[in-house]
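Source file: run.pdb; contents: PDB, C-alpha atoms and all ligand atoms.
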MODEL        1
ATOM      1  CA  MET A  23      12.255 -33.434  -3.207  1.00  0.00           C
ATOM      2  CA  GLY A  24      11.093 -31.979  -6.415  1.00  0.00           C
ATOM      3  CA  TYR A  25       9.054 -29.275  -7.905  1.00  0.00           C
ATOM      4  CA  ASP A  26       6.036 -28.452  -5.718  1.00  0.00           C
ATOM      5  CA  GLU A  27       3.504 -26.561  -7.798  1.00  0.00           C
ATOM      6  CA  THR A  28       1.373 -25.648  -4.746  1.00  0.00           C
ATOM      7  CA  LYS A  29       4.300 -24.027  -2.915  1.00  0.00           C
ATOM      8  CA  CYS A  30       5.438 -22.299  -6.090  1.00  0.00           C
ATOM      9  CA  HIS A  31       1.947 -20.894  -6.638  1.00  0.00           C
ATOM     10  CA  SER A  32       1.644 -19.653  -3.037  1.00  0.00           C
ATOM     11  CA  ALA A  33       5.120 -18.065  -3.238  1.00  0.00           C
ATOM     12  CA  SER A  34       4.243 -16.258  -6.459  1.00  0.00           C
ATOM     13  CA  GLU A  35       0.930 -15.072  -4.959  1.00  0.00           C
ATOM     14  CA  TYR A  36       2.800 -13.832  -1.870  1.00  0.00           C
ATOM     15  CA  TRP A  37       5.213 -11.926  -4.141  1.00  0.00           C
ATOM     16  CA  ARG A  38       2.357 -10.443  -6.196  1.00  0.00           C
ATOM     17  CA  THR A  39       0.369  -9.272  -3.151  1.00  0.00           C
ATOM     18  CA  ARG A  40       3.460  -7.838  -1.400  1.00  0.00           C
ATOM     19  CA  THR A  41       5.022  -6.080  -4.383  1.00  0.00           C
ATOM     20  CA  GLY A  42       2.184  -5.524  -6.822  1.00  0.00           C
ATOM     21  CA  PHE A  43       4.377  -7.006  -9.567  1.00  0.00           C
ATOM     22  CA  VAL A  44       3.968 -10.170 -11.631  1.00  0.00           C
ATOM     23  CA  PHE A  45       6.211 -12.984 -10.266  1.00  0.00           C
ATOM     24  CA  ASP A  46       7.741 -14.014 -13.582  1.00  0.00           C
ATOM     25  CA  ALA A  47      10.387 -11.436 -14.544  1.00  0.00           C
ATOM     26  CA  ILE A  48       9.847 -11.786 -18.293  1.00  0.00           C
ATOM     27  CA  GLU A  49       6.051 -11.509 -17.917  1.00  0.00           C
ATOM     28  CA  SER A  50       6.532  -8.565 -15.553  1.00  0.00           C
ATOM     29  CA  MET A  51       8.535  -6.663 -18.187  1.00  0.00           C
ATOM     30  CA  ARG A  52       5.781  -7.334 -20.727  1.00  0.00           C
ATOM     31  CA  VAL A  53       3.104  -5.937 -18.382  1.00  0.00           C
ATOM     32  CA  ASP A  54       5.153  -3.084 -16.918  1.00  0.00           C
ATOM     33  CA  THR A  55       7.305  -1.885 -19.815  1.00  0.00           C
ATOM     34  CA  THR A  56       9.284   0.763 -17.940  1.00  0.00           C
ATOM     35  CA  ARG A  57      11.413   1.090 -14.856  1.00  0.00           C
ATOM     36  CA  SER A  58      11.754   4.286 -12.862  1.00  0.00           C
ATOM     37  CA  ILE A  59      15.412   5.334 -12.792  1.00  0.00           C
ATOM     38  CA  GLN A  60      17.023   8.247 -10.987  1.00  0.00           C
ATOM     39  CA  CYS A  61      19.749  10.062 -12.909  1.00  0.00           C
ATOM     40  CA  PRO A  62      23.065   9.617 -11.050  1.00  0.00           C
ATOM     41  CA  PHE A  63      24.142  13.126 -12.063  1.00  0.00           C
ATOM     42  CA  CYS A  64      21.163  15.392 -11.321  1.00  0.00           C
ATOM     43  CA  GLY A  65      18.747  13.140  -9.425  1.00  0.00           C
ATOM     44  CA  GLU A  66      15.859  13.552 -11.861  1.00  0.00           C
ATOM     45  CA  THR A  67      13.664  10.441 -12.070  1.00  0.00           C
ATOM     46  CA  GLU A  68      12.455   9.096 -15.383  1.00  0.00           C
ATOM     47  CA  ASP A  69      10.604   5.999 -16.599  1.00  0.00           C
ATOM     48  CA  ILE A  70      12.923   4.100 -18.939  1.00  0.00           C
ATOM     49  CA  LEU A  71      11.942   1.207 -21.232  1.00  0.00           C
ATOM     50  CA  TRP A  72      13.146  -2.260 -20.179  1.00  0.00           C
ATOM     51  CA  ASN A  73      13.500  -3.442 -23.762  1.00  0.00           C
ATOM     52  CA  GLY A  74      14.290  -1.876 -27.084  1.00  0.00           C
ATOM     53  CA  ASP A  75      17.560  -0.574 -28.415  1.00  0.00           C
ATOM     54  CA  ARG A  76      19.785   0.019 -25.377  1.00  0.00           C
ATOM     55  CA  GLY A  77      16.855  -0.445 -22.961  1.00  0.00           C
ATOM     56  CA  PHE A  78      17.487  -1.013 -19.253  1.00  0.00           C
ATOM     57  CA  ALA A  79      17.416  -4.826 -19.583  1.00  0.00           C
ATOM     58  CA  GLN A  80      20.050  -4.752 -22.346  1.00  0.00           C
ATOM     59  CA  ALA A  81      23.731  -5.368 -21.562  1.00  0.00           C
ATOM     60  CA  ASP A  82      24.660  -2.210 -23.462  1.00  0.00           C
ATOM     61  CA  PHE A  83      22.053  -0.019 -21.726  1.00  0.00           C
ATOM     62  CA  GLU A  84      22.638   3.666 -22.312  1.00  0.00           C
ATOM     63  CA  HIS A  85      20.386   6.633 -21.623  1.00  0.00           C
ATOM     64  CA  LYS A  86      20.692  10.397 -21.940  1.00  0.00           C
ATOM     65  CA  CYS A  87      19.059  12.285 -19.086  1.00  0.00           C
ATOM     66  CA  PRO A  88      16.526  14.818 -20.406  1.00  0.00           C
ATOM     67  CA  GLY A  89      17.241  17.063 -17.409  1.00  0.00           C
ATOM     68  CA  CYS A  90      21.028  17.449 -17.403  1.00  0.00           C
ATOM     69  CA  HIS A  91      21.786  15.768 -20.784  1.00  0.00           C
ATOM     70  CA  GLU A  92      24.427  13.471 -19.232  1.00  0.00           C
ATOM     71  CA  LEU A  93      24.738   9.968 -20.681  1.00  0.00           C
ATOM     72  CA  PHE A  94      24.557   7.095 -18.215  1.00  0.00           C
ATOM     73  CA  THR A  95      24.900   3.292 -18.291  1.00  0.00           C
ATOM     74  CA  HIS A  96      24.639   0.398 -15.817  1.00  0.00           C
ATOM     75  CA  ASP A  97      28.222   1.163 -14.707  1.00  0.00           C
ATOM     76  CA  THR A  98      27.380   4.824 -14.127  1.00  0.00           C
ATOM     77  CA  LEU A  99      24.324   3.861 -12.071  1.00  0.00           C
ATOM     78  CA  ARG A 100      26.413   1.445  -9.961  1.00  0.00           C
ATOM     79  CA  ALA A 101      29.073   4.113  -9.360  1.00  0.00           C
ATOM     80  CA  GLY A 102      26.345   6.616  -8.409  1.00  0.00           C
ATOM     81  CA  LYS A 103      24.838   4.189  -5.879  1.00  0.00           C
ATOM     82  CA  PHE A 104      28.277   3.509  -4.394  1.00  0.00           C
ATOM     83  CA  LEU A 105      29.008   7.229  -4.019  1.00  0.00           C
ATOM     84  CA  GLN A 106      25.615   7.733  -2.346  1.00  0.00           C
ATOM     85  CA  ALA A 107      26.489   4.926   0.074  1.00  0.00           C
ATOM     86  CA  VAL A 108      29.909   6.478   0.818  1.00  0.00           C
ATOM     87  CA  ASN A 109      28.262   9.828   1.537  1.00  0.00           C
ATOM     88  CA  GLN A 110      25.724   8.111   3.800  1.00  0.00           C
ATOM     89  CA  ALA A 111      28.541   6.296   5.630  1.00  0.00           C
ATOM     90  CA  LYS A 112      30.318   9.617   6.213  1.00  0.00           C
ATOM     91  CA  LYS A 113      27.187  10.973   7.897  1.00  0.00           C
ATOM     92  CA  ASP A 114      26.223   7.813   9.788  1.00  0.00           C
ATOM     93  CA  ARG A 115      29.057   5.843  11.409  1.00  0.00           C
ATOM     94  CA  GLY A 116      26.742   2.834  11.861  1.00  0.00           C
ATOM     95  CA  TYR A 117      25.944   2.603   8.149  1.00  0.00           C
ATOM     96  CA  CYS A 118      27.466  -0.438   6.406  1.00  0.00           C
ATOM     97  CA  LEU A 119      28.677  -0.022   2.847  1.00  0.00           C
ATOM     98  CA  PRO A 120      27.040  -2.462   0.421  1.00  0.00           C
TER      99      PRO A 120
HETATM  100 ZN    ZN B 201      20.330  14.119 -15.092  1.00  0.00          ZN
ENDMDL
END
Written form, structure tokens:
Amino acid sequence: MGYDETKCHSASEYWRTRTGFVFDAIESMRVDTTRSIQCPFCGETEDILWNGDRGFAQADFEHKCPGCHELFTHDTLRAGKFLQAVNQAKKDRGYCLP
């Protein structure tokens, strides 16, 4: 066993054709500099920079929503996703919480 460049290349091509994104995460951020994020407070969607001061890829990510002016972080986004899942589970008894 070892590194198989042919399989790696076919896997990355499969990823690229299925997702439209570059396989390498670092290269992908260089090509596509933003990520679309939905505000956990008002639901407005905005393209946010991956890098830069407090960008989405930074551990101390922080962003102020231009719609509702609430400040959110990775923790806020996680809490928002969890609350959405809880609300979905209340409506759909077959829904499994993540
Ligand atoms: Zn908002």
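Closest to His96 of chain A among A:Asp114, A:Cys61, A:Gly74, A:Pro120 is A:Cys61, based on all atoms listed in the file.
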**Report entry** Selection dump of the PyMOL selection byres (((not hetatm)) within 9 of (chain B and resi 201)), as a PyMOL selection string
**Finding:** chain A and resi 60-67+86-94
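Only residues having an atom at most 6 Å from (24.9, 1.1, 1.5) are included; using only C-alpha atoms, these are A:Ala107, A:Cys118, A:Leu119, A:Pro120.
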Query raised in the report: Do you know which residues the PyMOL selection byres (((chain A and resi 83) around 10) and not hetatm) returns on this file, as a list in words?
Result: Trp72, Asn73, Gly74, Asp75, Arg76, Gly77, Phe78, Ala79, Gln80, Ala81, Asp82, Glu84, His85, Phe94, Thr95, His96 and Asp97 of chain A
Residues from the last selection, C-alpha atoms, saved as a PDB file, in the frame of the given file:
ATOM      1  CA  TRP A  72      13.146  -2.260 -20.179  1.00  0.00           C
ATOM      2  CA  ASN A  73      13.500  -3.442 -23.762  1.00  0.00           C
ATOM      3  CA  GLY A  74      14.290  -1.876 -27.084  1.00  0.00           C
ATOM      4  CA  ASP A  75      17.560  -0.574 -28.415  1.00  0.00           C
ATOM      5  CA  ARG A  76      19.785   0.019 -25.377  1.00  0.00           C
ATOM      6  CA  GLY A  77      16.855  -0.445 -22.961  1.00  0.00           C
ATOM      7  CA  PHE A  78      17.487  -1.013 -19.253  1.00  0.00           C
ATOM      8  CA  ALA A  79      17.416  -4.826 -19.583  1.00  0.00           C
ATOM      9  CA  GLN A  80      20.050  -4.752 -22.346  1.00  0.00           C
ATOM     10  CA  ALA A  81      23.731  -5.368 -21.562  1.00  0.00           C
ATOM     11  CA  ASP A  82      24.660  -2.210 -23.462  1.00  0.00           C
ATOM     12  CA  GLU A  84      22.638   3.666 -22.312  1.00  0.00           C
ATOM     13  CA  HIS A  85      20.386   6.633 -21.623  1.00  0.00           C
ATOM     14  CA  PHE A  94      24.557   7.095 -18.215  1.00  0.00           C
ATOM     15  CA  THR A  95      24.900   3.292 -18.291  1.00  0.00           C
ATOM     16  CA  HIS A  96      24.639   0.398 -15.817  1.00  0.00           C
ATOM     17  CA  ASP A  97      28.222   1.163 -14.707  1.00  0.00           C
TER      18      ASP A  97
END
Put a box with edges along x, y and z around all the listed atoms of segment 78-88 of chain A, pad it by 4 Å on each side, then give me its centre and sizes in Å, one decimal, as lines of an AutoDock Vina configuration file.
center_x = 20.6
center_y = 4.7
center_z = -21.3
size_x = 16.1
size_y = 28.2
size_z = 12.4
Query raised in the report: Which polymer residues have any atom within 12 Å of an atom of Val53 of chain A, counting all atoms listed in the file, with same-chain residues fewer than 5 positions away left out, as JSON, numbers by chain?
Result: {"A": [42, 43, 44, 45, 46, 47, 48, 71, 72, 73]}
Query raised in the report: Hey, can you check how far atom CA of Lys112 of chain A sits from atom CA of Glu68 of chain A?
Result: 28.0 Å
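Distance annotation: of A:Arg100, A:Arg57, A:His31, A:Arg52, the residue with the minimal separation from Asp69 of chain A is A:Arg57; atom set is only C-alpha atoms.
As for atom CA of Lys103 of chain A and atom CA of Thr39 of chain A, they are spaced 28.1 Å apart.
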Report summary line: A straight line from atom CA of Thr55 of chain A to atom CA of Arg38 of chain A spans 16.8 Å
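Closest approach to Asp54 of chain A among A:Ile70, A:Gln110, A:Arg40, A:Tyr117: A:Ile70, based on all atoms listed in the file.
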List the spatial neighbours of Thr41 of chain A as a short mmCIF file (atom, residue, chain, number, x, y, z; two decimals) with C-alpha atoms, keeping the file's coordinate frame - criterion: any atom at most 12 Å away, all atoms listed in the file, same-chain residues fewer than 6 positions off excluded.
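Output contents, as saved in out_4.cif:
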data_model
loop_
_atom_site.label_atom_id
_atom_site.label_comp_id
_atom_site.auth_asym_id
_atom_site.auth_seq_id
_atom_site.Cartn_x
_atom_site.Cartn_y
_atom_site.Cartn_z
CA SER A 34 4.24 -16.26 -6.46
CA GLU A 35 0.93 -15.07 -4.96
CA SER A 50 6.53 -8.56 -15.55
#
